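**Q** Starting off with a structure, shown below.
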Amino acid sequence: SESNTAPKPTQHPMLRRRQGRAFPRLALIVCLAVAIAGSVDRIRRILGNGTQSEIIPRILHQTWKTNQLTPTFAENMRMWKATCPDYEHRFYNDSAVYSFFQEHFPAYASTVKTVTNGGALADIFRYAALYVYGGVYVDIDTKPLRRFNDSFHTKDLVVGLEFDPSHYSHERIQICQWCIMAKPKHPVLLRALRKAIANVESGDIFNVIYSTGPMMWTQQLRRFFEDRQNTQNNTHNTEVLPCDYFCAGSGLCVPVTNNSILQHQFAGTWRGRQLSFGPPPDNEEEEDSSTDNK
């Protein structure tokens, strides 16, 4: 009678030889995959959206007076690191800020040390740090909602509207500066830095919003764009984002949308005696931008 056991298929000798090498080859493939994955961050810093080279580096700058953060600020920083793991995170306390100016802007170092308002000091520092290194500056009282668009890194400058006539009754458009993205050595950053220093040296520091903050920043941007238009230079590589990108949740007029990247918590730690909400000076003179104070 025939056996009930089915005959085993004959295996080709080449297949038997390859089985012995299967594990080493698999290990090699895994090692290569890990090596490639480890290079992704470096590749993304070189390539933006896959076709254009990045201009704004993936560096995230934040500052606070000491290394002792409030629980909210510490959580914000943790969230930024988790949301943007491929960014180099740089934190500066006041001591590091003073050292930075001593190294990169020694002519301004003594003036910076006279600034006792923490908000004004952070204002001045963000312009200087982005001018030297480029990257992204975000205030310590901001929390991320999602990653920055890769395409932003192919721009020279990315800013967001804070006050816009379509959302507010203000006559002026205001650009927020709790988040700024810029390439290194962008000229508008140097303009803002010089103007802020000039205001401090002239004693005009009691009105932080206008002397070093968002209104001064908006004014310097406006003048920069006007100068570029007057000289027929190209400004197309600047991105001015609608309010919901950087200012979502501000007041009751800017909703959180799918575009929203962060929320500002308006901690207001800079408020105090050195603050006025009065109007800006009527006859403000433009700073001399003919020399570099670096």
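Every chain in the structure tokens takes a letter, A first, then B, and so on in the order presented; its residues are numbered from 1, and the ligands are numbered from 1 following the presented order.
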Please run DSSP on the backbone and report, as a list of chain:residue names, all residues within region 65-186 of chain A that come out as strand (DSSP E).
**A**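 Secondary structure check on region 65-186 of chain A, strand (DSSP E): A:Glu88, A:His89, A:Arg90, A:Phe91, A:Tyr92, A:Gly135, A:Val136, A:Tyr137, A:Val138, A:Thr142, A:Lys143, A:Pro144, A:Leu157, A:Val158, A:Val159, A:Gly160, A:Leu161, A:Glu162, A:Phe163, A:Gln174, A:Ile175, A:Cys179, A:Ile180, A:Met181, A:Ala182.
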**Q** Name all residues at most 8 Å from Tyr131 (chain A) (count only C-alpha atoms; drop same-chain ones fewer than 4 positions away) and give them as an mmCIF file with C-alpha atoms, in the first residue's frame.
**A**
data_model
loop_
_atom_site.group_PDB
_atom_site.id
_atom_site.type_symbol
_atom_site.label_atom_id
_atom_site.label_comp_id
_atom_site.auth_asym_id
_atom_site.auth_seq_id
_atom_site.Cartn_x
_atom_site.Cartn_y
_atom_site.Cartn_z
ATOM 1 C CA TYR A 127 16.967 90.406 17.017
ATOM 2 C CA ALA A 182 14.863 84.357 9.780
ATOM 3 C CA LYS A 183 18.013 83.525 7.909
ATOM 4 C CA PRO A 184 21.336 84.621 9.436
ATOM 5 C CA LYS A 185 22.395 88.212 8.734
ATOM 6 C CA HIS A 186 18.961 89.352 7.583
ATOM 7 C CA PRO A 187 19.268 93.163 7.372
ATOM 8 C CA LEU A 189 17.129 92.223 12.198
ATOM 9 C CA LEU A 190 20.126 94.523 12.371
#
**Q** State, in Å with one decimal place, the distance from CA of Val188 (chain A) to CA of Thr212 (chain A).
**A**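 Distance reported for this atom pair: 13.8 Å.
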**Q** Run DSSP on the backbone of this structure and report the residues of region 53-153 of chain A it assigns to alpha helix (DSSP H), as a ChimeraX atom specification.
**A** /A:71-83,94-104,106-112,118-133
**Q** For region 253-269 of chain A, work out the shell of residues within 6 Å, counting only C-alpha atoms and skipping chain neighbours fewer than 3 positions away, then give it as a ChimeraX atom specification.
**A** /A:141-146,167,244-246,248-250
**Q** Env of Gly135 (chain A): 6 Å cut, atoms = only C-alpha atoms, seq-sep filter 4 positions within chain, self excluded. Answer as a ChimeraX atom specification.
**A** /A:56-59,181-182
**Q** I'd like the contact shell of Gln177 (chain A) - 6 Å cut-off, only C-alpha atoms, skipping same-chain residues fewer than 2 positions apart - returned as a PDB file with N, CA, C and O atoms, in the first residue's frame.
**A**
ATOM      1  N   CYS A 179       7.263  85.163  17.923  1.00  0.00           N
ATOM      2  CA  CYS A 179       7.792  84.120  17.037  1.00  0.00           C
ATOM      3  C   CYS A 179       8.300  84.775  15.769  1.00  0.00           C
ATOM      4  O   CYS A 179       7.543  85.458  15.075  1.00  0.00           O
ATOM      5  N   ILE A 180       9.584  84.595  15.488  1.00  0.00           N
ATOM      6  CA  ILE A 180      10.206  85.123  14.275  1.00  0.00           C
ATOM      7  C   ILE A 180      11.087  84.028  13.687  1.00  0.00           C
ATOM      8  O   ILE A 180      11.829  83.362  14.417  1.00  0.00           O
ATOM      9  N   PRO A 214       6.850  94.953  19.784  1.00  0.00           N
ATOM     10  CA  PRO A 214       6.202  94.667  18.498  1.00  0.00           C
ATOM     11  C   PRO A 214       5.935  95.882  17.622  1.00  0.00           C
ATOM     12  O   PRO A 214       5.987  95.769  16.400  1.00  0.00           O
TER      13      PRO A 214
END
**Q** To one decimal in Å, tell me the separation between CA of Leu161 (chain A) and CA of Pro242 (chain A).
**A** 5.5 Å
**Q** Of the candidates A:Tyr133, A:Ile140, A:Gly160, A:Phe105, which one gets nearest to Leu69 (chain A) if we count only C-alpha atoms?
**A**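 With only C-alpha atoms as the atom set, the closest residue is A:Ile140.
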**Q** Tell me which protein, DNA and RNA residues are within 12 Å of Gln102 (chain A), counting only C-alpha atoms, leaving out same-chain ones fewer than 4 positions away, and put them as a PDB file with C-alpha atoms, in the first residue's frame.
**A**
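Wrote it out as around_14.pdb, contents follow:
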ATOM      1  CA  SER A  95      24.091  85.627  31.991  1.00  0.00           C
ATOM      2  CA  ALA A  96      24.315  83.840  28.638  1.00  0.00           C
ATOM      3  CA  VAL A  97      22.659  86.826  26.953  1.00  0.00           C
ATOM      4  CA  TYR A  98      25.293  89.188  28.370  1.00  0.00           C
ATOM      5  CA  PRO A 106      30.799  94.248  22.201  1.00  0.00           C
ATOM      6  CA  ALA A 107      29.813  97.846  21.382  1.00  0.00           C
ATOM      7  CA  TYR A 108      26.341  97.093  22.756  1.00  0.00           C
ATOM      8  CA  ALA A 109      27.355  94.977  25.765  1.00  0.00           C
ATOM      9  CA  SER A 110      27.429  97.762  28.342  1.00  0.00           C
ATOM     10  CA  THR A 111      24.077  99.162  27.125  1.00  0.00           C
ATOM     11  CA  VAL A 112      22.419  95.759  27.290  1.00  0.00           C
ATOM     12  CA  LYS A 113      23.473  95.344  30.913  1.00  0.00           C
ATOM     13  CA  ALA A 128      20.649  89.877  17.792  1.00  0.00           C
ATOM     14  CA  ASN A 293      28.256  97.669  15.348  1.00  0.00           C
ATOM     15  CA  LYS A 294      29.289  94.076  15.425  1.00  0.00           C
TER      16      LYS A 294
END
**Q** Which residue is closest to Gly118 (chain A)? Choose from A:Asp204, A:His89, A:Phe225, A:Asp139 and count only C-alpha atoms.
**A** A:Asp139
**Q** Just to confirm, what's the straight-line distance from CA of Gln174 (chain A) to CA of Thr218 (chain A) in Å (one decimal)?
**A**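 Distance between the two atoms: 5.9 Å.
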**Q** Identify, on the basis of only C-alpha atoms, every residue whose closest approach to Phe91 (chain A) does not exceed 8 Å; exclude the query and any residue fewer than 2 positions from it along the same chain; express the result as a compact mmCIF listing (two decimals) with C-alpha atoms, in the first residue's frame.
**A**
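Okay, result12.txt is ready:
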# COMPACT_ATOMS: atom_id res chain seq x y z
CA HIS A 61 16.08 80.01 20.44
CA GLN A 62 14.44 80.73 23.81
CA THR A 63 15.41 82.90 26.76
CA TRP A 64 14.47 83.45 30.40
CA HIS A 89 17.25 73.87 20.95
CA ASN A 93 19.56 82.86 30.69
